[in-house]
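Let me begin by presenting the structure, written as structure tokens, before commenting on it.
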Amino acid sequence: MEKRVVTVFDAIQNARKPEEKGLAAVLEVYQEAAEDRDEFVAAMARAVLPAFEVGVKSLAVDRVLSLYASFVCHCLAKDDLYVNSFVELLTEYYDDARKTYRLRACELVLKLMQRIANNDLNLREDVFQALRKLLLKRSRDKFPAVRVMAVKSLAFFQTHIDPDESTSSDEVVNLDDDPVVKAFDYILTVDQNAEVRRAVLENMWINCQTLFKKLLRHCRDVSPICRAVAFSAVGEHVSLMSLTLSQRIDLLIIGFQNTNNAVLEAHTKLIKCWLQQCEGNASDLLALLDVVTETETCSKVMNAIFRLAPPDKIKQSFDILNDKNLMEDDLCTPENVFQWACIMRYFKERKQTDLLEDMSPTAVDFAHYLTHHFARISATDNEDDLISRTFVAQQLLAIALTLDLSMDEKGRKALISAVGANLRDSSCGDFSELVKPELELLLELTGKQEFVSTTIQIISDLRMPLEEPSAAAGDISHISEVVEDNTESGSQPLDPVERERLEHELAKVRVQVMEQRDKMDSFVDHQDFISAAEEKKVLSEIEAERDRLQALLAPPKVANPKPDSKEADDSPGERKDSKGGEIAEKTDPITIFKCLTIAHRIPQMVFFKTLPPVLNGLRDQFFVAHFISPYDYVRNKGAQCIGVYAMFDRHYAVSMLPLIVQMVLVEKKEALQMTALRIILDLVLRYGLSVVDEDNLVDTDGNASVNLSALNDTFLNHTQIDTLTDSEGEESSPASVKLIRLLVRYLDNVSCEMRTVAAEGLAKLLLHDRITSADIFCRLCLLWFSPVSRDESYLRQCLGQFFPFFALSSKDHQLTILRSFLPILKTIFKAPLTSPLASIDCEVLIKYLCALTSPHNSQLLQTNMADPNVVQEAGVHEKLSVMLCEEILSSPFAPSVPVLAKALTYIQVDVKSPEQLNKFVELLQSIEEEIDSQAVLKVVSKVKARVTGVQADLTHSTNATASEAGGGGDGEGGNETRDTIFNVNTSGVSSVQNVSAGFLNQSNAPNATKPLGSVAEDGEDAPTPVTRRVTRRSSAAAAAAAEESSQAAGSAGDSSQDNADTSPDSDASLKKKKKAKVDKKVKVEKKVKPAKKLDLDQSTDDSAKENVSTDSDDSVKQKKKKAKVANDSPVSTRPRRAARDKKAANV
């Protein structure tokens, strides 16, 4: 029977329809063995077990397992008891020590469950419980492949609940009690293998209880494969209506931020599925995404939808425009208008000119359409309607930017008139949202020069309107092209539209008069009188044109004499209305705020090297007057205008700085303080600390408006700044120091926004060398590691990007970090237990600072490819090692000594400076003599053993190089040795580099209070103390040469042992012997290989003994000189040179 069963399983491995034929053959054998079922069960097990031993994918194995699963499924359908034998087989091999057995057992269950599901069969309860128990155990297997197969099998054991089913209260099943759901939740939370998490996401049953906890959060998974699967699962199995608005927006933002192609493709499929759920209507989808508040995200969604269809179908799908290519009022919703604007922009970017022209209205019609919607905004009182109509107006202005006006001058003037009329109307709803798009459109329609003059005239009309806004404001139904020049002053009254056009022309001429006078004055100042005379002629012509326009606008029946050119100045107070009366300036806060908003936008939209004269005049007359307004929002906007315009003029910045500083000190509103703080930081960043002038910190009456010298140092414990230099390296003035202290004060402000503004500004000043201060760097570092800033993501992201770029930008920055190292640690040591600084992990902080100054941190150096030698030239670690040792010796019994000693293990010392290395060794010896703590001595002894080994290796290599140079060698070994780098603790340095890599790869710093590793102890494998480049000689030859050299030196030392004791330098020799004995004892304790370390003192002593034996009649002075020469004598490591040395020693 067994032979027949094995024959069947062997035959199916190469058959065409193996499962059908094999199942029939096995059933035939099974029916014949009705009396001896135990033998059949054993035969089946022996036939299947060879497949369990194969660990790779194989078609034969798959066919064998499929046949066995089909047979079990057939028995299950017949309610045969063979299923019990199947469970016993799995129970026997599920806990097998061989992983392939466990893997194939899980795979066998998977194939069985697939066939049960296809045939609509049910398992008995006892079999179901037994199989689920086995699979749950394998879901935590050691090997990922077994866990993946167990997860795929467990998918059939989940509790499936249809969310559409209506169940009574007593039939509701809590999925949190389902063991399979718990297992999947555990795997998604804990399992570090991406394939296992992917298997769970692919096979997890999606319902209301498992969706929000497990599936959505893995759209942020660290693995792109898992993110792609999560997006696909959401799109296929999750209804759009079951998600909240915030969840929809979060999914879209996360997807657009990804750069992986698989994730982007899955995210696009998600958007496509959502569009299909909305029946292909993009407006309905936008309505579910809140297009008014999430405009940028919705714009990306529309672009993704457009990429799914050709341009022709996009145009055909948008069929809500009328014959004039405009939209009716009832269809003019935010979603429809936004879709219209997105289509127009998409066609313009893709240069689909034909389609764009088919959807574009005429410019004149669109100007009427804009005016109509501006009027709708003014007519509404409902807040929701006001927001919607304002958004519609913004999108209409964006559509106007896509119109082709190259051949339509009349349409261009119509749009300019419509936009200008709305800008002059201060009652047009939330105008602050419309100012930016209106000015962008105006700049596109007019050009740079005309744009400046037009906006200045708009501001002038807002302050002193020639007529009420209700009188034909925005009426462009009749647009005249030209006005005849022969119009006489005594003719009929002018049409209102014609009068408005003449007034605009008069305003332009007045601006030209001001510019021409400025040009003439500049020529006079430079004593260029010929050019000044020519400009005066031009000025006379412009003034004549101005007088003509004024005469045209004068009342017809009033015969006034022609005004003199000097009296017809362009001052705002002399403007006349249509009846000849003077116009009063409007001082209401809404009008002033709109004027300031427009003035604030002008220099941000047009590039200026220096401000034009018209803007200088506006700046001097308008900003300071409203800087002291009783309304907060007007004062805030006035301060912003002063800050922007001060960036173009240094003298203006110096004169305005006292007012801004006073605003910081006096204002109680946080928004005003933040604005003033940003302005001060921008001005110092733009001009340096020289912008702070002590003489200018007084008001116009001579009273001290801002007395920075009176600011004491009692703001907080860390406000004191000991050193502060400007960009030129000179000591800053007392006023500058006081101002910087004032800024540093806000690092401890209660408001996180104020702390963020101050930290970002000070970081910029340090990065661009406007100030140089180790105290400020210390404050920023403590702020970043402090638990107080743990939830301030923008602050941590800003400082996290600042520190690496600051460290690698210059050598002086490296020295700044060095000077701030000990003050940072002392501040933490002195912090009381109730202070947040006391919870900072000093070890993590030390690792990070050492990583910033490490010359071999590849993760850090990749950010500065321009000058990678900055860190190496600074040599911070060499100086830091001495500083730490001196600090330990200054207070050997302080509680901070263990932390400082641990910091020594993260130092990387370059052996290019042997003097620094010798000093480091001497300081470590002094520490061993002063310290009594065993833990500290243990760390110091480790450091000292490695330093001594590297020092000996350096001396050995140097002597070999000198010997090769004396014998005509090429000296490559010496060059390689000079490049050797000493790592005090290889494991510690690795931790430092890993910490730096983690900080650089994350936008936010990790939890600063969590330790990130420790130094290797005695029980661990000791790292290699030195890393040497490969030379031309082989390792075997080098070992032989080293052995011969050591034998030669030992024989010479033995022959001179007696003479050394009688030399005049016996005291010094004894001292060296004692020191060599101590070093040898340390080496034995630390199990350091003597072949790789050559003791410098012992070699010196042996060389001195050799000199005593050969030159016994020399004087003491000559002996000392020869001992020094012997100390520097080469010890060769090359075989040829070693043989020559051995021969000389024998002689």
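Naming scheme: A, B, ... for chains in displayed order of the structure tokens; residues 1 onward per chain; ligands 1 onward as shown.
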
*Do you know which residues are at most 7 Å from segment 805-814 of chain A counting only C-alpha atoms, after dropping those on the same chain fewer than 2 positions away, and could you put them as a PyMOL selection string?*
chain A and resi 767+801-803+816-818+852-853+864+870-871+874+876

Take the selection from the previous step and output its residues with all heavy atoms, as a CSV table (one decimal), in the first residue's frame.
chain,number,residue,atom,x,y,z
A,767,LEU,N,24.6,80.7,11.8
A,767,LEU,CA,24.9,80.0,10.6
A,767,LEU,C,25.6,80.9,9.6
A,767,LEU,O,26.5,80.5,8.9
A,767,LEU,CB,23.7,79.3,10.0
A,767,LEU,CG,23.9,78.5,8.8
A,767,LEU,CD1,24.8,77.3,9.1
A,767,LEU,CD2,22.6,78.0,8.3
A,801,GLN,N,18.0,70.6,11.6
A,801,GLN,CA,18.7,70.9,10.3
A,801,GLN,C,19.9,71.9,10.5
A,801,GLN,O,20.8,71.9,9.8
A,801,GLN,CB,17.7,71.5,9.3
A,801,GLN,CG,16.6,70.5,8.9
A,801,GLN,CD,17.2,69.4,8.0
A,801,GLN,OE1,18.1,69.6,7.3
A,801,GLN,NE2,16.6,68.2,8.2
A,802,PHE,N,19.8,72.7,11.6
A,802,PHE,CA,20.8,73.7,11.8
A,802,PHE,C,22.1,73.1,12.2
A,802,PHE,O,23.2,73.5,11.7
A,802,PHE,CB,20.2,74.7,12.8
A,802,PHE,CG,21.3,75.5,13.5
A,802,PHE,CD1,22.0,76.5,12.8
A,802,PHE,CD2,21.6,75.3,14.8
A,802,PHE,CE1,23.0,77.3,13.4
A,802,PHE,CE2,22.6,76.1,15.4
A,802,PHE,CZ,23.3,77.0,14.8
A,803,PHE,N,22.1,72.2,13.2
A,803,PHE,CA,23.3,71.8,13.9
A,803,PHE,C,24.3,71.1,12.9
A,803,PHE,O,25.5,71.5,12.9
A,803,PHE,CB,23.0,70.8,15.0
A,803,PHE,CG,22.4,71.5,16.2
A,803,PHE,CD1,21.2,71.1,16.7
A,803,PHE,CD2,23.0,72.5,16.8
A,803,PHE,CE1,20.6,71.7,17.8
A,803,PHE,CE2,22.5,73.1,17.9
A,803,PHE,CZ,21.3,72.7,18.4
A,816,THR,N,33.5,76.8,18.0
A,816,THR,CA,32.4,77.2,18.8
A,816,THR,C,31.7,76.1,19.6
A,816,THR,O,31.4,76.2,20.7
A,816,THR,CB,31.3,77.9,17.9
A,816,THR,OG1,31.9,79.1,17.3
A,816,THR,CG2,30.1,78.4,18.8
A,817,ILE,N,31.6,74.9,18.9
A,817,ILE,CA,31.0,73.7,19.5
A,817,ILE,C,32.0,73.3,20.6
A,817,ILE,O,31.5,72.8,21.7
A,817,ILE,CB,30.8,72.6,18.5
A,817,ILE,CG1,29.8,73.1,17.4
A,817,ILE,CG2,30.3,71.4,19.1
A,817,ILE,CD1,29.6,72.1,16.3
A,818,LEU,N,33.3,73.4,20.4
A,818,LEU,CA,34.3,73.0,21.4
A,818,LEU,C,34.1,73.8,22.6
A,818,LEU,O,34.1,73.3,23.8
A,818,LEU,CB,35.7,73.1,20.8
A,818,LEU,CG,36.8,72.8,21.8
A,818,LEU,CD1,36.8,71.4,22.3
A,818,LEU,CD2,38.2,73.1,21.1
A,852,LEU,N,29.1,65.6,15.7
A,852,LEU,CA,29.2,66.8,15.0
A,852,LEU,C,30.6,67.2,14.7
A,852,LEU,O,30.9,67.9,13.7
A,852,LEU,CB,28.5,67.9,15.7
A,852,LEU,CG,26.9,67.8,15.8
A,852,LEU,CD1,26.4,69.0,16.6
A,852,LEU,CD2,26.3,67.8,14.4
A,853,THR,N,31.6,66.8,15.6
A,853,THR,CA,33.0,67.2,15.4
A,853,THR,C,33.8,66.0,15.0
A,853,THR,O,35.1,66.2,15.1
A,853,THR,CB,33.5,67.8,16.8
A,853,THR,OG1,33.2,66.8,17.8
A,853,THR,CG2,32.7,69.1,17.1
A,864,ASN,N,28.3,68.1,3.4
A,864,ASN,CA,29.2,69.2,3.1
A,864,ASN,C,30.3,68.7,2.1
A,864,ASN,O,31.5,68.5,2.5
A,864,ASN,CB,29.9,69.8,4.4
A,864,ASN,CG,30.7,71.0,4.1
A,864,ASN,OD1,30.5,71.7,3.1
A,864,ASN,ND2,31.7,71.3,5.0
A,870,VAL,N,37.0,70.5,6.7
A,870,VAL,CA,36.8,71.5,7.8
A,870,VAL,C,36.9,70.9,9.1
A,870,VAL,O,37.6,71.4,10.0
A,870,VAL,CB,35.4,72.2,7.6
A,870,VAL,CG1,35.0,73.0,8.8
A,870,VAL,CG2,35.4,73.1,6.4
A,871,VAL,N,36.3,69.7,9.3
A,871,VAL,CA,36.3,69.1,10.6
A,871,VAL,C,37.7,68.6,10.9
A,871,VAL,O,38.2,68.7,12.1
A,871,VAL,CB,35.3,67.9,10.6
A,871,VAL,CG1,35.3,67.2,12.0
A,871,VAL,CG2,33.9,68.4,10.3
A,874,ALA,N,40.0,71.5,12.0
A,874,ALA,CA,39.8,72.0,13.3
A,874,ALA,C,40.4,71.2,14.4
A,874,ALA,O,40.9,71.8,15.4
A,874,ALA,CB,38.2,72.2,13.5
A,876,VAL,N,39.0,69.2,16.7
A,876,VAL,CA,38.3,69.4,18.0
A,876,VAL,C,38.5,68.3,19.0
A,876,VAL,O,38.6,68.5,20.2
A,876,VAL,CB,36.8,69.6,17.7
A,876,VAL,CG1,36.0,69.7,18.9
A,876,VAL,CG2,36.6,70.9,16.9

*For Ser85 of chain A, work out the shell of residues within 12 Å, counting only C-alpha atoms and skipping chain neighbours fewer than 2 positions away, then give it as an MDAnalysis selection string.*
chainID A and resid 37:45 72 75:76 80:83 87:92 127

Could you name the residues that touch Val452 of chain A at 9 Å or less, counting only C-alpha atoms, but leaving out those on the same chain fewer than 3 positions away, as a short mmCIF file (atom, residue, chain, number, x, y, z; two decimals) with C-alpha atoms, in the first residue's frame?
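And here is the file that came out, out27.cif:
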data_model
loop_
_atom_site.label_atom_id
_atom_site.label_comp_id
_atom_site.auth_asym_id
_atom_site.auth_seq_id
_atom_site.Cartn_x
_atom_site.Cartn_y
_atom_site.Cartn_z
CA LEU A 443 1.32 92.88 -12.50
CA GLY A 447 4.32 95.29 -16.31
CA LYS A 448 6.80 96.33 -13.63
CA GLN A 449 7.00 100.10 -14.12
CA THR A 455 -0.64 100.58 -7.15
CA ILE A 456 0.60 103.88 -5.69
CA GLN A 457 -2.33 105.63 -7.34
CA ILE A 602 4.56 95.62 -3.72
CA VAL A 606 8.57 93.09 -7.89
CA PRO A 612 12.01 103.77 -6.50
CA VAL A 614 7.58 106.93 -5.24
CA LEU A 615 7.87 104.07 -2.77
#

_Can you pull out the residues contacting segment 115-124 of chain A? Cut-off 9 Å, using only C-alpha atoms, and skip same-chain residues under 4 positions away; I want them as a list in words._
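Answer for this query is Ala69, Ser70, Cys73, Leu76, Ala77, Leu110, Lys111, Phe128, Gln129 and Phe156 of chain A.
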
*Within 9 Å of segment 131-135 of chain A, counting only C-alpha atoms, which residues qualify if same-chain residues fewer than 2 places away don't, as a PyMOL selection string?*
chain A and resi 87+90-91+94-95+106+109+126-129+137-139+147+150-151+153-154+157+180

*Leaving out segment 383-391 of chain A and any residue of its chain fewer than 2 positions from it, which residues lie within 10 Å of it when counting only C-alpha atoms, given as a PyMOL selection string?*
chain A and resi 291-293+295+332-335+337-338+373-374+376-381+393-397+428-431+433-434

_Could you go through segment 345-461 of chain A and tell me which residues DSSP, when run on the backbone, assigns to helix (DSSP H, G or I), listing them as an MDAnalysis selection string?_
chainID A and resid 345:349 353:359 363:379 383:400 409:424 432:446 448:461

_Counting only C-alpha atoms, which residue out of A:Leu355, A:Ser690, A:Glu125, A:Val392 sits closest to Tyr369 of chain A?_
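Among the listed residues, the smallest separation from Tyr369 of chain A belongs to A:Val392.
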
*Would you work out the distance separating atom CA of Gln673 of chain A from atom CA of Lys764 of chain A, expressed in Å to one decimal?*
19.0 Å
